[in-house]
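Novice: First, the structure itself, so that you have it in front of you.
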Amino acid sequence: QQNVQQSPESLIVPEGARTSLNCTFSDSASQYFWWYRQHSGKAPKALMSIFSNGEKEEGRFTIHLNKASLHFSLHIRDSQPSDSALYLCAGITGNTRKLIFGLGTTLQVQP
Amino acid sequence: DMKVTQMPRYLIKRMGENVLLECGQDMSHETMYWYRQDPGLGLQLIYISYDVDSNSEGDIPKGYRVSRKKREHFSLILDSAKTNQTSVYFCASSSGQETLYFGSGTRLTVL
């Protein structure tokens with residue numbers, strides 16, 4: 001069964017810090033990876049996606065995918081208090097074509 | 001304006017009562033989903049619908065059923081609700097294997 005592990009479980013950083021969130025998949029055939037962000041009491045919302053090995057940058061956010069190591073990461077430059085949220089990684093498994101979510105990393109950015 | 005609308009936002013029911021959660025989307029997405037989100041368990045897929053009357057069980061379908069008679073509407077039904085079905089329920093839609101768009105959620109309490 002596909003497993004998605006996220007680390008750390010929670011994280012507290014000061015405003016302005018660079019933050020790194022990690023995700024590991026167990027299925028080497030996984031394709032199509034997303035990071036979703038969920039502010040407290042709100043719906044998850046897609047942040048960024050990547051479908052092939054490499055890096056993608058949008059503003060302060062960078063995602064990196066390494067399919068060989070089954071590793072997917074999100075980096076936030078100059079973290080802001082508004083970035084405080086639950087971050088969920090997700091990917092589509094190779095076998096079942098189902099979207100699998102990790103349990104999430106709770107990020108708190110302190111002013 | 002791409003939107004997934006869920007009704008109601010909050011619901012309190014007694015054990016044994018029937019529950020109807022409704023979801024609508026205005027993007028003509030073929031695929032719609034029902035998830036529940038609980039602390040420590042993350043987002044769990046209850047049912048997925050690939051189009052009208054084309055529904056498949058997710059990971060935790062027991063105690064739930066769904067109905068999709070129009071592409072833009074997807075309902076989740078709990079026949080004889082149980083206390084362990086207290087949760088936050090999210091509806092989502094997507095076009096194929098693209099990004100999921102989530103509704104604002106329904107917080108259901110079963111007493």
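Naming works like this for the structure tokens: A, B, ... for the chains as they're shown, residue 1 at the start of each chain, ligands 1 onward in shown order.
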Could you name the residues that touch Ser82 in chain A at 10 Å or less, counting only C-alpha atoms, but leaving out those on the same chain fewer than 4 positions away, as a list in words?
Specialist: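 Non-adjacent residues within range: Glu15, His39, Gln108, Val109, Gln110 and Pro111 of chain A.
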Novice: Can you write out the residues you just picked, keeping all heavy atoms, as a CSV table (one decimal), in the first residue's frame?
Specialist:
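After the write, result-v9.csv holds the following:
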chain,number,residue,atom,x,y,z
A,15,GLU,N,10.0,34.7,11.9
A,15,GLU,CA,9.7,35.4,10.6
A,15,GLU,C,11.0,35.7,9.9
A,15,GLU,O,12.0,36.0,10.5
A,15,GLU,CB,9.0,36.7,11.0
A,15,GLU,CG,8.5,37.5,9.7
A,15,GLU,CD,7.7,38.7,10.1
A,15,GLU,OE1,7.4,38.9,11.3
A,15,GLU,OE2,7.4,39.5,9.2
A,39,HIS,N,-5.0,26.6,5.9
A,39,HIS,CA,-5.0,27.4,7.1
A,39,HIS,C,-6.1,27.0,8.0
A,39,HIS,O,-7.0,26.3,7.6
A,39,HIS,CB,-5.3,28.9,6.6
A,39,HIS,CG,-4.1,29.6,6.0
A,39,HIS,ND1,-4.1,29.8,4.6
A,39,HIS,CD2,-3.0,30.0,6.5
A,39,HIS,CE1,-2.9,30.4,4.3
A,39,HIS,NE2,-2.2,30.5,5.5
A,108,GLN,N,4.4,26.9,12.1
A,108,GLN,CA,4.0,28.2,12.8
A,108,GLN,C,5.2,29.1,12.6
A,108,GLN,O,6.3,28.8,12.9
A,108,GLN,CB,3.8,27.9,14.3
A,108,GLN,CG,3.3,29.1,15.0
A,108,GLN,CD,3.0,28.8,16.5
A,108,GLN,OE1,2.9,27.7,16.9
A,108,GLN,NE2,2.9,29.9,17.3
A,109,VAL,N,4.9,30.3,12.0
A,109,VAL,CA,5.9,31.3,11.8
A,109,VAL,C,5.7,32.4,12.8
A,109,VAL,O,4.6,33.1,12.8
A,109,VAL,CB,5.9,31.9,10.4
A,109,VAL,CG1,7.0,33.0,10.2
A,109,VAL,CG2,6.0,30.8,9.4
A,110,GLN,N,6.6,32.6,13.7
A,110,GLN,CA,6.4,33.6,14.8
A,110,GLN,C,7.0,35.0,14.4
A,110,GLN,O,8.1,35.1,13.9
A,110,GLN,CB,7.2,33.1,16.0
A,110,GLN,CG,6.5,31.9,16.6
A,110,GLN,CD,7.1,31.5,17.9
A,110,GLN,OE1,8.3,31.7,18.2
A,110,GLN,NE2,6.3,30.8,18.8
A,111,PRO,N,6.2,36.0,14.6
A,111,PRO,CA,6.6,37.4,14.2
A,111,PRO,C,7.8,37.8,15.1
A,111,PRO,O,8.0,37.4,16.2
A,111,PRO,CB,5.4,38.3,14.5
A,111,PRO,CG,4.3,37.4,14.8
A,111,PRO,CD,4.8,36.0,15.2
Novice: Need to verify the contact set: range 39-54 of chain B, 9 Å, only C-alpha atoms, exclusion of same-chain residues closer than 2 positions in sequence. Can you return it as a ChimeraX atom specification?
Specialist: /A:88,100-104 /B:29-37,56-62,64-74,76,90,96
Novice: Please write the residues from the selection above to a file, keeping N, CA, C and O atoms, as a compact mmCIF listing (two decimals), in the first residue's frame.
Specialist:
# COMPACT_ATOMS: atom_id res chain seq x y z
N LEU A 88 0.27 19.86 3.37
CA LEU A 88 0.02 18.48 3.00
C LEU A 88 0.69 18.18 1.67
O LEU A 88 0.52 18.93 0.71
N ILE A 100 -2.95 10.19 -2.92
CA ILE A 100 -2.66 9.88 -1.53
C ILE A 100 -2.09 11.12 -0.85
O ILE A 100 -1.17 11.75 -1.38
N PHE A 101 -2.64 11.46 0.32
CA PHE A 101 -2.15 12.60 1.10
C PHE A 101 -1.31 12.11 2.26
O PHE A 101 -1.59 11.08 2.86
N GLY A 102 -0.29 12.89 2.60
CA GLY A 102 0.43 12.70 3.85
C GLY A 102 -0.38 13.28 5.00
O GLY A 102 -1.41 13.94 4.79
N LEU A 103 0.08 13.05 6.24
CA LEU A 103 -0.64 13.55 7.41
C LEU A 103 -0.40 15.04 7.64
O LEU A 103 -1.14 15.68 8.37
N GLY A 104 0.65 15.57 7.02
CA GLY A 104 0.86 17.00 7.09
C GLY A 104 1.94 17.44 8.06
O GLY A 104 2.32 16.72 8.99
N HIS B 29 -16.23 19.80 -13.61
CA HIS B 29 -15.27 18.74 -13.38
C HIS B 29 -15.96 17.38 -13.38
O HIS B 29 -17.03 17.22 -12.81
N GLU B 30 -15.29 16.40 -14.02
CA GLU B 30 -15.87 15.06 -14.05
C GLU B 30 -15.75 14.38 -12.70
O GLU B 30 -16.64 13.65 -12.28
N THR B 31 -14.63 14.57 -12.04
CA THR B 31 -14.33 13.80 -10.84
C THR B 31 -14.62 14.61 -9.58
O THR B 31 -14.23 15.76 -9.46
N MET B 32 -15.32 13.96 -8.66
CA MET B 32 -15.61 14.58 -7.37
C MET B 32 -15.30 13.60 -6.25
O MET B 32 -15.31 12.38 -6.46
N TYR B 33 -15.02 14.15 -5.08
CA TYR B 33 -14.53 13.34 -3.96
C TYR B 33 -15.23 13.76 -2.68
O TYR B 33 -15.62 14.91 -2.51
N TRP B 34 -15.31 12.81 -1.76
CA TRP B 34 -15.64 13.11 -0.37
C TRP B 34 -14.52 12.58 0.51
O TRP B 34 -14.13 11.42 0.42
N TYR B 35 -13.99 13.49 1.36
CA TYR B 35 -12.97 13.17 2.34
C TYR B 35 -13.50 13.50 3.73
O TYR B 35 -14.34 14.37 3.89
N ARG B 36 -12.94 12.84 4.72
CA ARG B 36 -13.10 13.31 6.09
C ARG B 36 -11.72 13.57 6.67
O ARG B 36 -10.73 12.92 6.26
N GLN B 37 -11.65 14.54 7.56
CA GLN B 37 -10.37 14.92 8.13
C GLN B 37 -10.47 14.89 9.64
O GLN B 37 -11.31 15.56 10.24
N SER B 56 -17.09 5.15 -6.90
CA SER B 56 -16.23 4.08 -6.39
C SER B 56 -15.91 4.31 -4.93
O SER B 56 -15.77 5.45 -4.50
N GLU B 57 -15.77 3.23 -4.20
CA GLU B 57 -15.40 3.34 -2.80
C GLU B 57 -13.96 3.86 -2.67
O GLU B 57 -13.08 3.50 -3.45
N GLY B 58 -13.78 4.65 -1.64
CA GLY B 58 -12.44 5.08 -1.30
C GLY B 58 -11.85 4.16 -0.25
O GLY B 58 -12.10 2.95 -0.26
N ASP B 59 -11.12 4.75 0.68
CA ASP B 59 -10.45 3.93 1.69
C ASP B 59 -11.32 3.61 2.90
O ASP B 59 -11.09 2.62 3.58
N ILE B 60 -12.33 4.45 3.17
CA ILE B 60 -13.17 4.24 4.36
C ILE B 60 -14.65 4.40 4.02
O ILE B 60 -15.33 5.25 4.56
N PRO B 61 -15.21 3.58 3.14
CA PRO B 61 -16.59 3.79 2.70
C PRO B 61 -17.66 3.29 3.67
O PRO B 61 -18.84 3.66 3.53
N LYS B 62 -17.26 2.48 4.64
CA LYS B 62 -18.25 1.84 5.50
C LYS B 62 -19.04 2.87 6.29
O LYS B 62 -18.47 3.74 6.96
N TYR B 64 -21.19 4.95 4.88
CA TYR B 64 -21.49 6.07 4.00
C TYR B 64 -22.01 5.57 2.66
O TYR B 64 -21.70 4.47 2.23
N ARG B 65 -22.80 6.40 2.01
CA ARG B 65 -23.13 6.17 0.61
C ARG B 65 -23.20 7.52 -0.07
O ARG B 65 -23.26 8.56 0.57
N VAL B 66 -23.13 7.47 -1.40
CA VAL B 66 -23.09 8.72 -2.16
C VAL B 66 -24.12 8.68 -3.28
O VAL B 66 -24.62 7.63 -3.66
N SER B 67 -24.37 9.87 -3.80
CA SER B 67 -25.28 9.99 -4.94
C SER B 67 -24.78 11.09 -5.85
O SER B 67 -24.46 12.19 -5.39
N ARG B 68 -24.70 10.77 -7.14
CA ARG B 68 -24.33 11.80 -8.11
C ARG B 68 -25.23 11.64 -9.33
O ARG B 68 -25.00 10.78 -10.18
N LYS B 69 -26.26 12.46 -9.38
CA LYS B 69 -27.24 12.43 -10.45
C LYS B 69 -27.01 13.54 -11.48
O LYS B 69 -27.55 13.50 -12.59
N LYS B 70 -26.28 14.55 -11.10
CA LYS B 70 -25.87 15.61 -12.01
C LYS B 70 -24.37 15.81 -11.85
O LYS B 70 -23.84 15.66 -10.74
N ARG B 71 -23.70 16.17 -12.92
CA ARG B 71 -22.24 16.31 -12.85
C ARG B 71 -21.84 17.32 -11.80
O ARG B 71 -20.81 17.15 -11.14
N GLU B 72 -22.63 18.37 -11.57
CA GLU B 72 -22.20 19.44 -10.67
C GLU B 72 -22.56 19.18 -9.21
O GLU B 72 -22.19 19.98 -8.35
N HIS B 73 -23.28 18.09 -8.91
CA HIS B 73 -23.69 17.84 -7.54
C HIS B 73 -23.25 16.45 -7.08
O HIS B 73 -23.39 15.46 -7.82
N PHE B 74 -22.77 16.40 -5.84
CA PHE B 74 -22.32 15.12 -5.28
C PHE B 74 -22.72 15.12 -3.81
O PHE B 74 -22.32 16.00 -3.05
N LEU B 76 -23.26 13.18 0.00
CA LEU B 76 -22.79 12.14 0.92
C LEU B 76 -23.90 11.89 1.93
O LEU B 76 -24.43 12.83 2.52
N PHE B 90 -14.91 17.10 3.79
CA PHE B 90 -14.57 17.95 2.66
C PHE B 90 -14.98 17.29 1.35
O PHE B 90 -14.72 16.12 1.13
N GLY B 96 -9.96 15.15 -14.25
CA GLY B 96 -9.02 14.05 -14.42
C GLY B 96 -8.06 13.96 -13.26
O GLY B 96 -8.47 13.94 -12.10
Novice: Compile the contact shell of Val4 in chain B as a ChimeraX atom specification: residues with an atom at most 6 Å away, counting only C-alpha atoms, same-chain residues fewer than 3 positions apart removed.
Specialist: /B:24-25,103
Novice: Restricting the output to N, CA and C atoms, write the selected residues as an mmCIF file, in the first residue's frame.
Specialist:
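Dumped everything to selection-v2.cif:
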data_model
loop_
_atom_site.group_PDB
_atom_site.id
_atom_site.type_symbol
_atom_site.label_atom_id
_atom_site.label_comp_id
_atom_site.auth_asym_id
_atom_site.auth_seq_id
_atom_site.Cartn_x
_atom_site.Cartn_y
_atom_site.Cartn_z
ATOM 1 N N GLY B 24 -21.592 21.127 -4.382
ATOM 2 C CA GLY B 24 -21.762 21.559 -5.751
ATOM 3 C C GLY B 24 -20.498 22.202 -6.286
ATOM 4 N N GLN B 25 -20.296 22.078 -7.596
ATOM 5 C CA GLN B 25 -19.136 22.721 -8.222
ATOM 6 C C GLN B 25 -19.558 23.326 -9.554
ATOM 7 N N GLY B 103 -14.040 22.223 -1.183
ATOM 8 C CA GLY B 103 -15.032 23.075 -0.562
ATOM 9 C C GLY B 103 -14.584 23.483 0.824
#
Novice: Check the DSSP output for the backbone and give back, as a count of residues only, the residues of range 78-111 of chain A in strand (DSSP E or B).
Specialist: 17
Novice: Would you mind reading off the distance between CA of Cys23 in chain B and CA of Ala92 in chain B, one decimal, in Å?
Specialist: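 These two atoms are separated by 8.4 Å.
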Novice: I want to know what sits within 6 Å of Glu17 in chain B, based on only C-alpha atoms, with residues of the same chain fewer than 3 positions away left out; could you give that as an MDAnalysis selection string?
Specialist: chainID B and resid 14 80:81
Novice: Show me which bits of chain A are within 10 Å of chain B, counting only C-alpha atoms, as a PyMOL selection string.
Specialist: chain A and resi 32-34+36+41-49+88+92+97-104
Novice: Rounded to one decimal in Å, what is the spacing between CA of Ser87 in chain B and CA of Thr106 in chain B?
Specialist: 8.3 Å
Novice: Please provide as a count of residues only all residues within 9 Å of range 19-26 of chain A, with the sequence filter that same-chain residues fewer than 5 positions apart are discarded (counting only C-alpha atoms).
Specialist: 30
